[in-house]
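input01.txt follows (compact mmCIF, C-alpha atoms):
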# COMPACT_ATOMS: atom_id res chain seq x y z
CA MET J 185 88.95 -16.76 34.45
CA MET J 186 87.25 -14.75 31.73
CA GLY J 187 88.91 -16.85 29.03
CA ASP J 188 87.16 -19.99 30.30
CA LYS J 189 83.72 -18.46 30.07
CA LYS J 190 81.47 -19.56 27.23
CA SER J 191 80.25 -16.76 25.02
CA LEU J 192 77.69 -16.21 22.33
CA LYS J 193 77.43 -13.37 19.84
CA ILE J 194 74.07 -12.72 18.22
CA ILE J 195 73.16 -10.22 15.54
CA HIS J 196 69.45 -9.61 15.14
CA ALA J 197 66.88 -7.49 13.35
CA GLY J 198 66.12 -4.43 15.47
CA ALA J 199 62.45 -5.38 15.53
CA LEU J 200 63.35 -8.64 17.32
CA GLN J 201 65.25 -7.13 20.23
CA ARG J 202 62.77 -8.13 22.94
CA VAL J 203 62.34 -11.63 21.50
CA VAL J 204 66.10 -12.19 21.49
CA GLU J 205 66.54 -10.76 25.00
CA ASP J 206 63.74 -12.92 26.44
CA CYS J 207 65.11 -16.09 24.82
CA LEU J 208 68.60 -15.24 26.06
CA GLU J 209 67.27 -14.94 29.58
CA ILE J 210 66.25 -18.61 29.39
CA LEU J 211 69.59 -19.63 27.88
CA ILE J 212 71.54 -17.78 30.59
CA LYS J 213 69.54 -19.56 33.31
CA GLN J 214 70.57 -22.87 31.73
CA ASN J 215 74.22 -21.81 31.34
CA THR J 216 75.54 -19.98 34.38
CA GLY J 217 78.30 -17.51 33.62
CA LEU J 218 77.49 -17.32 29.93
CA ASN J 219 78.79 -14.20 28.20
CA VAL J 220 76.43 -12.83 25.61
CA GLU J 221 76.83 -10.02 23.16
CA ILE J 222 73.90 -8.90 21.05
CA LYS J 223 73.81 -6.41 18.22
CA GLY J 224 70.64 -4.98 16.70
CA ALA J 225 70.76 -3.88 13.07
CA GLY J 226 68.64 -3.53 9.98
CA SER J 227 68.57 -7.06 8.59
CA ARG J 228 70.25 -6.25 5.26
CA GLU J 229 72.86 -4.30 7.16
CA GLY J 230 73.27 -7.18 9.63
CA ALA J 231 73.77 -9.77 6.90
CA LYS J 232 76.30 -7.51 5.20
CA ARG J 233 78.24 -7.20 8.45
CA LEU J 234 78.81 -10.96 8.29
CA LEU J 235 79.81 -10.67 4.66
CA SER J 236 82.39 -8.04 5.59
CA GLY J 237 84.02 -10.44 8.04
CA GLU J 238 82.38 -9.60 11.38
CA HIS J 239 81.87 -12.67 13.54
CA TYR J 240 78.53 -13.73 15.06
CA ASP J 241 77.36 -17.16 16.21
CA VAL J 242 73.65 -16.65 15.56
CA ILE J 243 71.90 -14.51 12.95
CA VAL J 244 68.23 -13.56 13.36
CA LEU J 245 66.79 -11.67 10.40
CA ALA J 246 63.47 -10.02 9.57
CA ASP J 247 63.43 -11.44 6.03
CA GLN J 248 64.12 -15.11 5.42
CA ALA J 249 65.01 -14.31 1.80
CA LEU J 250 68.19 -12.55 2.96
CA PHE J 251 69.72 -15.86 4.04
CA ALA J 252 69.48 -17.30 0.53
CA GLU J 253 70.52 -14.03 -1.10
CA LEU J 254 73.48 -13.15 1.10
CA LEU J 255 74.56 -15.87 3.54
CA VAL J 256 73.81 -19.41 2.33
CA PRO J 257 75.84 -21.56 1.73
CA ASP J 258 79.16 -19.84 2.51
CA LEU J 259 78.41 -18.30 5.91
CA VAL J 260 75.29 -20.16 7.08
CA GLY J 261 74.17 -23.76 6.47
CA ASN J 262 70.58 -24.24 7.49
CA TYR J 263 68.12 -21.56 8.52
CA PHE J 264 64.66 -21.81 10.01
CA ILE J 265 61.52 -19.73 9.61
CA PHE J 266 60.10 -19.11 13.07
CA ALA J 267 57.60 -16.23 12.85
CA ALA J 268 55.31 -14.22 10.57
CA ASP J 269 54.04 -10.66 10.79
CA GLN J 270 52.33 -7.92 8.76
CA LEU J 271 53.02 -4.29 7.91
CA VAL J 272 50.81 -1.68 9.59
CA ILE J 273 50.67 2.10 9.89
CA GLY J 274 51.66 3.04 13.43
CA TYR J 275 50.81 6.41 14.91
CA ASP J 276 50.47 8.27 18.16
CA ARG J 277 47.31 9.68 19.71
CA THR J 278 48.67 13.17 19.06
CA SER J 279 49.36 12.47 15.36
CA ARG J 280 47.56 14.80 12.98
CA GLY J 281 44.48 13.07 11.61
CA SER J 282 44.64 10.27 14.22
CA LYS J 283 40.98 10.78 15.19
CA THR J 284 39.71 10.13 11.67
CA ILE J 285 42.22 7.78 9.97
CA THR J 286 40.80 4.34 9.06
CA GLU J 287 41.65 1.33 6.93
CA ASP J 288 39.62 2.97 4.14
CA ASN J 289 40.99 6.52 4.13
CA TRP J 290 44.65 6.04 5.15
CA VAL J 291 45.94 6.99 1.69
CA ASP J 292 44.24 10.38 1.71
CA THR J 293 45.21 10.99 5.33
CA LEU J 294 48.89 10.40 4.56
CA LEU J 295 48.78 12.51 1.40
CA ASN J 296 47.43 15.47 3.32
CA PRO J 297 50.25 18.06 3.02
CA HIS J 298 50.02 18.85 6.75
CA VAL J 299 50.75 15.23 7.72
CA ASP J 300 54.28 13.78 8.08
CA PHE J 301 54.85 10.08 7.55
CA ALA J 302 57.99 8.00 7.30
CA ARG J 303 59.52 4.69 6.33
CA SER J 304 62.87 3.07 7.04
CA ASP J 305 65.84 2.74 4.65
CA HIS J 306 65.16 0.01 2.08
CA HIS J 307 68.89 -0.60 1.60
CA LEU J 308 69.38 -1.49 5.29
CA ASP J 309 66.03 -2.64 6.61
CA PRO J 310 63.45 -5.06 5.14
CA CYS J 311 60.71 -2.91 6.69
CA GLY J 312 61.86 -0.17 4.28
CA TYR J 313 61.60 -2.20 1.07
CA ARG J 314 58.44 -3.87 2.31
CA THR J 315 56.86 -0.45 2.77
CA LEU J 316 57.65 0.41 -0.86
CA MET J 317 56.08 -2.93 -1.87
CA VAL J 318 52.95 -2.12 0.13
CA TRP J 319 52.65 1.19 -1.72
CA GLN J 320 53.02 -0.55 -5.11
CA LEU J 321 50.40 -3.13 -4.16
CA ALA J 322 48.10 -0.39 -2.83
CA GLU J 323 48.23 1.31 -6.23
CA LYS J 324 46.99 -1.91 -7.86
CA PHE J 325 44.56 -2.86 -5.10
CA TYR J 326 42.81 0.55 -4.97
CA GLY J 327 43.17 1.14 -8.72
CA ARG J 328 44.78 4.54 -8.10
CA SER J 329 47.30 5.19 -10.84
CA GLY J 330 50.33 7.16 -9.62
CA LEU J 331 49.72 6.35 -5.95
CA TYR J 332 53.16 4.79 -5.44
CA GLU J 333 54.95 7.87 -6.72
CA ALA J 334 52.66 10.17 -4.74
CA LEU J 335 53.41 8.33 -1.48
CA GLU J 336 57.13 8.19 -2.23
CA GLY J 337 57.15 11.90 -2.96
CA ALA J 338 55.23 12.83 0.17
CA CYS J 339 57.17 10.57 2.57
CA ILE J 340 59.90 12.27 4.60
CA PRO J 341 63.46 11.18 3.61
CA TYR J 342 64.19 7.63 4.75
CA SER J 343 67.69 8.63 5.78
CA LEU J 344 66.25 10.51 8.78
CA HIS J 345 64.97 7.31 10.46
CA PRO J 346 66.85 4.45 8.79
CA LYS J 347 65.60 1.54 10.93
CA SER J 348 62.05 0.61 11.84
CA LEU J 349 62.81 1.09 15.54
CA ASP J 350 64.03 4.63 14.77
CA LEU J 351 60.59 5.24 13.29
CA ALA J 352 58.92 4.19 16.52
CA LYS J 353 61.06 6.66 18.45
CA ALA J 354 60.18 9.38 15.92
CA LEU J 355 56.49 8.66 16.54
CA PHE J 356 56.89 8.93 20.29
CA THR J 357 58.74 12.22 20.04
CA GLY J 358 56.22 13.66 17.58
CA LYS J 359 58.75 14.01 14.76
CA VAL J 360 56.43 12.07 12.48
CA ASP J 361 52.68 11.50 12.56
CA TYR J 362 52.63 8.04 10.94
CA ALA J 363 55.18 5.33 10.21
CA PHE J 364 55.10 1.98 8.44
CA LEU J 365 56.03 -0.69 11.00
CA TYR J 366 55.59 -4.35 11.78
CA SER J 367 52.44 -4.94 13.79
CA SER J 368 54.58 -6.64 16.47
CA GLU J 369 56.56 -3.42 16.97
CA ALA J 370 53.41 -1.33 17.29
CA LYS J 371 51.97 -3.84 19.80
CA GLN J 372 55.16 -3.98 21.87
CA LEU J 373 55.34 -0.21 22.02
CA GLY J 374 51.65 0.23 22.77
CA LEU J 375 51.14 2.35 19.66
CA PRO J 376 47.76 2.47 17.93
CA TYR J 377 47.92 1.28 14.33
CA ILE J 378 45.90 0.86 11.15
CA VAL J 379 45.61 -2.67 9.79
CA LEU J 380 45.91 -2.70 6.01
CA PRO J 381 43.98 -5.07 3.71
CA SER J 382 45.58 -8.54 3.64
CA LYS J 383 46.09 -8.25 -0.12
CA ILE J 384 48.65 -5.50 0.47
CA ASN J 385 50.03 -5.94 4.01
CA LEU J 386 52.34 -8.86 3.09
CA SER J 387 50.83 -11.10 5.78
CA ASN J 388 49.13 -13.92 3.92
CA PRO J 389 50.72 -16.73 1.86
CA ALA J 390 47.36 -17.04 0.08
CA HIS J 391 48.25 -13.77 -1.69
CA ALA J 392 51.88 -14.67 -2.44
CA ASN J 393 51.36 -14.37 -6.23
CA PHE J 394 49.82 -10.91 -5.85
CA TYR J 395 52.64 -9.77 -3.55
CA ASP J 396 55.20 -11.04 -6.07
CA GLN J 397 54.14 -8.27 -8.48
CA ALA J 398 55.79 -5.71 -6.20
CA ALA J 399 59.52 -5.21 -6.80
CA VAL J 400 62.10 -2.92 -5.21
CA THR J 401 65.71 -2.34 -6.18
CA VAL J 402 68.26 -2.47 -3.36
CA GLU J 403 72.06 -2.55 -3.13
CA SER J 404 73.36 -6.09 -3.58
CA LYS J 405 76.32 -7.72 -1.82
CA ILE J 406 78.54 -6.60 -4.67
CA PRO J 407 79.38 -2.91 -4.15
CA GLY J 408 77.89 -0.74 -6.85
CA LYS J 409 75.49 -3.46 -8.06
CA ASN J 410 71.78 -3.61 -7.34
CA ILE J 411 69.36 -6.48 -6.91
CA ILE J 412 65.57 -6.61 -7.27
CA MET J 413 63.58 -7.85 -4.25
CA HIS J 414 60.06 -9.15 -4.94
CA GLY J 415 57.17 -9.02 -2.49
CA LYS J 416 56.63 -12.07 -0.27
CA PRO J 417 54.70 -12.82 2.89
CA ILE J 418 56.68 -11.49 5.87
CA GLU J 419 58.67 -14.26 7.54
CA PHE J 420 61.47 -14.01 10.10
CA ALA J 421 64.29 -16.58 10.16
CA ILE J 422 67.25 -17.70 12.26
CA GLY J 423 70.52 -19.41 11.34
CA ILE J 424 73.82 -20.44 12.90
CA SER J 425 77.08 -19.15 11.50
CA ARG J 426 79.30 -21.84 9.96
CA ASP J 427 82.26 -20.46 11.90
CA SER J 428 80.47 -20.32 15.26
CA LEU J 429 82.93 -20.86 18.11
CA ASN J 430 80.15 -22.33 20.25
CA PRO J 431 77.85 -24.23 17.90
CA GLU J 432 76.21 -26.18 20.75
CA LEU J 433 75.26 -23.00 22.57
CA ALA J 434 74.10 -21.46 19.31
CA ARG J 435 71.98 -24.56 18.70
CA SER J 436 70.52 -24.26 22.22
CA PHE J 437 69.50 -20.68 21.49
CA VAL J 438 67.86 -21.70 18.21
CA ASP J 439 66.07 -24.55 20.01
CA ILE J 440 64.65 -22.12 22.59
CA LEU J 441 63.46 -19.65 19.96
CA THR J 442 61.90 -22.34 17.77
CA GLY J 443 60.47 -24.36 20.68
CA PRO J 444 57.44 -23.94 22.96
CA GLU J 445 59.10 -21.28 25.14
CA GLY J 446 60.03 -19.31 22.06
CA SER J 447 56.48 -19.58 20.73
CA SER J 448 55.13 -18.07 23.96
CA ILE J 449 57.66 -15.24 23.79
CA LEU J 450 56.86 -14.55 20.14
CA GLU J 451 53.15 -14.40 20.89
CA GLU J 452 53.73 -12.06 23.83
CA CYS J 453 55.70 -9.85 21.46
CA GLY J 454 52.87 -9.76 18.92
CA LEU J 455 54.45 -12.08 16.34
CA ILE J 456 52.89 -15.23 14.88
CA PRO J 457 55.02 -18.28 15.71
CA CYS J 458 55.31 -20.53 12.64
CA MET I 245 12.68 -2.27 3.79
CA ILE I 246 14.39 -5.39 2.40
CA ARG I 247 16.86 -7.04 4.73
CA LYS I 248 19.42 -9.58 3.58
CA PHE I 249 20.56 -12.17 6.08
CA LYS I 250 23.83 -13.98 5.41
CA LEU I 251 24.27 -17.36 7.05
CA THR I 252 27.92 -18.15 7.75
CA ILE I 253 29.66 -20.64 9.98
CA PRO I 254 32.55 -18.82 11.68
CA ILE I 255 35.81 -20.13 10.24
CA ASP I 256 37.24 -20.67 13.71
CA GLN I 257 34.62 -23.36 14.35
CA THR I 258 35.48 -25.58 11.40
CA ILE I 259 39.08 -24.69 10.71
CA GLN I 260 40.39 -27.57 12.80
CA ALA I 261 38.39 -30.04 10.72
CA GLU I 262 39.62 -28.40 7.51
CA LEU I 263 43.26 -28.50 8.66
CA LEU I 264 42.96 -32.13 9.80
CA LEU I 265 41.57 -33.10 6.40
CA LEU I 266 44.32 -31.26 4.51
CA LEU I 267 46.99 -32.86 6.71
CA GLY I 268 45.38 -36.27 6.16
CA GLN I 269 45.72 -35.72 2.42
CA GLN I 270 49.35 -34.64 2.72
CA PRO I 271 51.76 -33.53 5.52
CA SER I 272 52.42 -29.79 5.10
CA HIS I 273 53.97 -26.78 6.76
CA GLY I 274 51.85 -23.80 7.81
CA TYR I 275 52.70 -21.62 4.80
CA GLU I 276 51.61 -24.32 2.39
CA LEU I 277 48.50 -25.15 4.45
CA ILE I 278 47.32 -21.54 4.27
CA GLN I 279 47.68 -21.66 0.48
CA ARG I 280 45.94 -25.04 0.22
CA LEU I 281 43.15 -23.89 2.54
CA ASN I 282 42.58 -20.86 0.36
CA GLU I 283 42.32 -23.03 -2.75
CA ALA I 284 40.12 -25.71 -1.14
CA ALA I 285 36.58 -26.19 -2.45
CA PHE I 286 35.29 -26.12 1.15
CA LYS I 287 36.93 -22.85 2.20
CA THR I 288 34.63 -20.65 4.25
CA GLY I 289 36.58 -17.41 3.97
CA GLU I 290 40.10 -16.05 3.69
CA ALA I 291 42.41 -18.12 5.88
CA ASP I 292 44.02 -15.79 8.39
CA PRO I 293 47.64 -16.89 9.09
CA ALA I 294 47.38 -16.15 12.84
CA THR I 295 44.26 -18.35 13.12
CA VAL I 296 45.83 -21.18 11.11
CA TYR I 297 49.10 -21.21 13.08
CA ARG I 298 47.27 -20.89 16.42
CA ASN I 299 45.07 -23.89 15.60
CA LEU I 300 48.04 -25.94 14.39
CA ARG I 301 49.86 -25.29 17.68
CA ARG I 302 46.73 -26.13 19.67
CA MET I 303 46.17 -29.43 17.82
CA ASP I 304 49.89 -30.27 18.14
CA LYS I 305 49.65 -29.69 21.90
CA ASP I 306 46.41 -31.69 22.12
CA GLY I 307 48.02 -34.69 20.39
CA LEU I 308 45.90 -34.59 17.23
CA ILE I 309 48.82 -33.83 14.92
CA ARG I 310 52.59 -33.88 15.34
CA SER I 311 55.29 -31.61 14.01
CA HIS I 312 59.00 -31.54 13.44
CA TRP I 313 61.42 -29.15 11.79
CA GLU I 314 62.08 -30.09 8.21
CA VAL I 315 65.42 -28.84 6.96
CA GLY I 316 65.19 -27.51 3.43
CA GLU I 317 67.93 -28.73 1.09
CA SER I 318 68.21 -25.41 -0.64
CA GLY I 319 65.47 -23.34 1.02
CA PRO I 320 64.55 -22.54 4.60
CA GLY I 321 63.68 -25.06 7.30
CA ARG I 322 60.01 -25.07 8.28
CA ARG I 323 57.90 -26.87 10.85
CA LEU I 324 56.17 -29.76 9.09
CA TYR I 325 52.83 -30.99 10.45
CA GLU I 326 51.33 -34.44 9.94
CA LEU I 327 48.14 -36.21 10.96
CA ILE I 328 48.39 -38.95 13.61
CA PRO I 329 45.78 -41.60 14.58
CA GLN I 330 44.16 -39.44 17.31
CA GLY I 331 43.75 -36.69 14.73
CA LEU I 332 42.18 -39.10 12.28
CA GLU I 333 39.67 -40.07 14.98
CA ALA I 334 38.94 -36.37 15.61
CA LEU I 335 38.45 -35.87 11.87
CA LYS I 336 35.88 -38.71 11.83
CA VAL I 337 34.03 -37.08 14.75
CA TRP I 338 34.08 -33.75 12.92
CA SER I 339 32.81 -35.39 9.75
CA ALA I 340 29.91 -37.04 11.63
CA TYR I 341 29.10 -33.72 13.33
CA LEU I 342 29.09 -31.83 10.01
CA ALA I 343 26.89 -34.53 8.44
CA GLU I 344 24.46 -34.08 11.34
CA GLN I 345 24.50 -30.30 10.85
CA LYS I 346 23.92 -30.77 7.12
CA ALA I 347 20.91 -33.02 7.82
CA LYS I 348 19.50 -30.43 10.24
CA LEU I 349 19.94 -27.67 7.68
CA GLU I 350 18.26 -29.79 4.99
CA ASN I 351 15.34 -30.49 7.37
CA PHE I 352 15.08 -26.79 8.07
CA LEU I 353 15.10 -25.94 4.35
CA ARG I 354 12.44 -28.58 3.64
CA SER I 355 10.21 -27.19 6.40
CA TYR I 356 10.84 -23.67 5.21
CA SER I 357 9.95 -24.66 1.66
CA GLN I 358 6.62 -26.10 2.86
CA PHE I 359 5.95 -22.98 4.92
CA ASP I 360 6.78 -20.75 1.96
CA GLU I 361 4.41 -22.73 -0.28
CA SER I 362 1.61 -22.36 2.30
CA LEU I 363 2.22 -18.60 2.40
CA SER I 364 1.98 -18.42 -1.41
CA LYS I 365 -1.30 -20.34 -1.33
CA LEU I 366 -2.66 -17.97 1.30
CA ASP I 367 -1.64 -15.02 -0.88
CA GLU I 368 -3.31 -16.58 -3.92
CA GLY I 369 -6.48 -17.18 -1.84
CA GLY I 370 -6.44 -13.55 -0.68
CA ASP I 371 -6.03 -12.29 -4.24
CA LYS I 372 -9.09 -14.31 -5.38
CA GLN I 373 -11.24 -12.73 -2.65
Can the structure in the file be given as structure tokens, please?
Amino acid sequence: MMGDKKSLKIIHAGALQRVVEDCLEILIKQNTGLNVEIKGAGSREGAKRLLSGEHYDVIVLADQALFAELLVPDLVGNYFIFAADQLVIGYDRTSRGSKTITEDNWVDTLLNPHVDFARSDHHLDPCGYRTLMVWQLAEKFYGRSGLYEALEGACIPYSLHPKSLDLAKALFTGKVDYAFLYSSEAKQLGLPYIVLPSKINLSNPAHANFYDQAAVTVESKIPGKNIIMHGKPIEFAIGISRDSLNPELARSFVDILTGPEGSSILEECGLIPC
Amino acid sequence: MIRKFKLTIPIDQTIQAELLLLLGQQPSHGYELIQRLNEAAFKTGEADPATVYRNLRRMDKDGLIRSHWEVGESGPGRRLYELIPQGLEALKVWSAYLAEQKAKLENFLRSYSQFDESLSKLDEGGDKQ
């Protein structure tokens, strides 16, 4: 009977789709007949879905700060940081300027009027607000006054490719030349990418104070109100919903992702297990 | 043409010793260790998070340190690492090895200093002629 079957609903950051699927494969082997339902979303959007009353057992987000801001303590108790990453500039071999772009000249390459580059929606996707933070930090790091505004002005509208995975598709189809992505996404998709200096790519806790100088305004959980997000090292986190119908199964999934098998999967997917 | 040689010990070679020492001083999670490593007087370069986490996992697997998930009361849960007796032994071996390397380097510098002095004397002798 279908009603007797155990089930698990997971909402996850789009960038973590393969990680979640691979971990689920292990969980399904341990629990024959398990029904699973997974939903990929921008992490801010995903957290807000829970706030609006949608039910999920497990929440896997691309920014650990979203748990504290939106979900803890009412909807989620504890949450665990399981991986780190960095922001990179992904491109395709056919992208304009791809033969000459480097870590040193990426700013001028992107500001070339014949080049199209994109970022995701900062209201829905942490990759979007992190990109804006990278641009602010780049302005300080390179000492180029006005760089943030120049990049924001030259970037194609974020509404066209709202999630970071949409950006990857846009790269493949040639709709954009460059996109700001997580390095794990670029690695999983086999895209070449430019590594940015660690002082601006949000990868290193040693630069946490420098990152903190970057700030982006996004829509808060209260409609019509905004909140300021400050730059932090990129960390992904997982939590179990307080109203999970299958907390033991949810716990098993968290144990897989945060255990040795999960570490191997994260590494295969280009993330840094924490 | 003047060439400048820079002598560096690759961070990957000593990072395990550095992490063992920091964990001996105080159990920490990876995020905090990266910050402490960057502030340490003995740092040999910018600590790369991937290198730090990879070495922590390796030492955990090798039984030099142990880890468990620490649930934050108000913040996130993180994996907390601590030094165990086998790790302390490894740290002692590292320390003896580094002392040996230091002695070798000092011997080299002493010999070099003597050689450099002899060269200067030769130069002075040549100038007089």
Distance limit 10 Å, atoms considered: all atoms listed in the file. Which chain I residues sit that close to chain J? Return them as a compact mmCIF listing (two decimals) with C-alpha atoms, in the coordinates of the input.
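Final output, out36.txt:
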# COMPACT_ATOMS: atom_id res chain seq x y z
CA HIS I 273 53.97 -26.78 6.76
CA GLY I 274 51.85 -23.80 7.81
CA TYR I 275 52.70 -21.62 4.80
CA GLU I 276 51.61 -24.32 2.39
CA LEU I 277 48.50 -25.15 4.45
CA ILE I 278 47.32 -21.54 4.27
CA GLN I 279 47.68 -21.66 0.48
CA ARG I 280 45.94 -25.04 0.22
CA LEU I 281 43.15 -23.89 2.54
CA ASN I 282 42.58 -20.86 0.36
CA GLU I 283 42.32 -23.03 -2.75
CA GLU I 290 40.10 -16.05 3.69
CA ALA I 291 42.41 -18.12 5.88
CA ASP I 292 44.02 -15.79 8.39
CA PRO I 293 47.64 -16.89 9.09
CA ALA I 294 47.38 -16.15 12.84
CA THR I 295 44.26 -18.35 13.12
CA VAL I 296 45.83 -21.18 11.11
CA TYR I 297 49.10 -21.21 13.08
CA ARG I 298 47.27 -20.89 16.42
CA LEU I 300 48.04 -25.94 14.39
CA ARG I 301 49.86 -25.29 17.68
CA LYS I 305 49.65 -29.69 21.90
CA TRP I 313 61.42 -29.15 11.79
CA GLU I 314 62.08 -30.09 8.21
CA VAL I 315 65.42 -28.84 6.96
CA GLY I 316 65.19 -27.51 3.43
CA GLU I 317 67.93 -28.73 1.09
CA SER I 318 68.21 -25.41 -0.64
CA GLY I 319 65.47 -23.34 1.02
CA PRO I 320 64.55 -22.54 4.60
CA GLY I 321 63.68 -25.06 7.30
CA ARG I 322 60.01 -25.07 8.28
CA ARG I 323 57.90 -26.87 10.85
CA LEU I 324 56.17 -29.76 9.09
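As for CA of Cys311 (chain J) and CA of Glu403 (chain J), they are spaced 15.0 Å apart.
CA of Leu308 (chain I) is positioned 14.9 Å from CA of Gln269 (chain I).
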CA of Trp290 (chain J) and CA of Glu323 (chain J), how far apart in Å?
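If I compute the distance from CA of Glu323 (chain J) to CA of Trp290 (chain J), I get 12.8 Å.
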Among listed residues J:Val379, J:Leu250, J:Ala199, J:Ile424, nearest Lys347 (chain J) (using only C-alpha atoms):
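Result for the nearest residue to Lys347 (chain J): J:Ala199.
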Contacts of region 409-415 of chain J at 12 Å (only C-alpha atoms; same-chain gap of 2+ positions) as a VMD selection string
chain J and resid 228 247 249 to 250 253 to 254 306 to 307 310 to 321 383 to 389 391 to 407 417 to 419
Tell me, as a PyMOL selection string, which residues lie within 9 Å of region 207-216 of chain J, counting all atoms listed in the file; anything in the same chain fewer than 5 positions away does not count.
chain J and resi 190+202+433+436-437+440-441+445-446+449
Radius query 7 Å about (51.3, -31.6, 5.4), atoms used: all atoms listed in the file, as a ChimeraX atom specification
/I:267,270-273,324-326
Could those residues be written to a file, using C-alpha atoms, as a short mmCIF file (atom, residue, chain, number, x, y, z; two decimals), keeping the file's coordinate frame?
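File part_9.cif, as written:
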data_model
loop_
_atom_site.label_atom_id
_atom_site.label_comp_id
_atom_site.auth_asym_id
_atom_site.auth_seq_id
_atom_site.Cartn_x
_atom_site.Cartn_y
_atom_site.Cartn_z
CA LEU I 267 46.99 -32.86 6.71
CA GLN I 270 49.35 -34.64 2.72
CA PRO I 271 51.76 -33.53 5.52
CA SER I 272 52.42 -29.79 5.10
CA HIS I 273 53.97 -26.78 6.76
CA LEU I 324 56.17 -29.76 9.09
CA TYR I 325 52.83 -30.99 10.45
CA GLU I 326 51.33 -34.44 9.94
#
So which residues touch region 233-238 of chain J within 10 Å, counting only C-alpha atoms, skipping near sequence neighbours fewer than 4 positions away, as a PDB file with C-alpha atoms, keeping the file's coordinate frame?
ATOM      1  CA  ILE J 195      73.160 -10.220  15.540  1.00  0.00           C
ATOM      2  CA  ALA J 225      70.760  -3.880  13.070  1.00  0.00           C
ATOM      3  CA  SER J 227      68.570  -7.060   8.590  1.00  0.00           C
ATOM      4  CA  ARG J 228      70.250  -6.250   5.260  1.00  0.00           C
ATOM      5  CA  GLU J 229      72.860  -4.300   7.160  1.00  0.00           C
ATOM      6  CA  ILE J 243      71.900 -14.510  12.950  1.00  0.00           C
ATOM      7  CA  LEU J 254      73.480 -13.150   1.100  1.00  0.00           C
ATOM      8  CA  LEU J 255      74.560 -15.870   3.540  1.00  0.00           C
ATOM      9  CA  ASP J 258      79.160 -19.840   2.510  1.00  0.00           C
ATOM     10  CA  LEU J 259      78.410 -18.300   5.910  1.00  0.00           C
ATOM     11  CA  VAL J 260      75.290 -20.160   7.080  1.00  0.00           C
ATOM     12  CA  LYS J 405      76.320  -7.720  -1.820  1.00  0.00           C
ATOM     13  CA  SER J 425      77.080 -19.150  11.500  1.00  0.00           C
TER      14      SER J 425
END
Expected residue set, 12 Å radius at (61.5, 4.8, 20.0), all atoms listed in the file, as a list in words
Gly198, Ala199, Gly274, Tyr275, Asp276, His345, Lys347, Ser348, Leu349, Asp350, Leu351, Ala352, Lys353, Ala354, Leu355, Phe356, Thr357, Gly358, Lys359, Val360, Ala363, Leu365, Glu369, Ala370, Gln372, Leu373, Gly374 and Leu375 of chain J
With a distance cut-off of 10 Å and only C-alpha atoms, select the neighbouring residues of Leu192 (chain J), excluding the residue or stretch itself and same-chain residues fewer than 4 positions from it, and output the selection as number ranges by chain.
J: 208, 218-222, 240-242, 428-431, 433-434, 437
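Of the residues listed (J:Thr293, J:Gly217, J:Ser282, J:Lys193), J:Lys193 shows the shortest atom-to-atom separation from Asp427 (chain J); distances use all atoms listed in the file.
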What lies within 10 Å of Gly307 (chain I) using all atoms listed in the file, ignoring chain neighbours under 2 positions off, as a list in words?
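Here the qualifying residues turn out to be Arg301, Arg302, Met303, Asp304, Lys305, Ile309, Arg310, Leu327, Ile328, Pro329, Gln330 and Gly331 of chain I.
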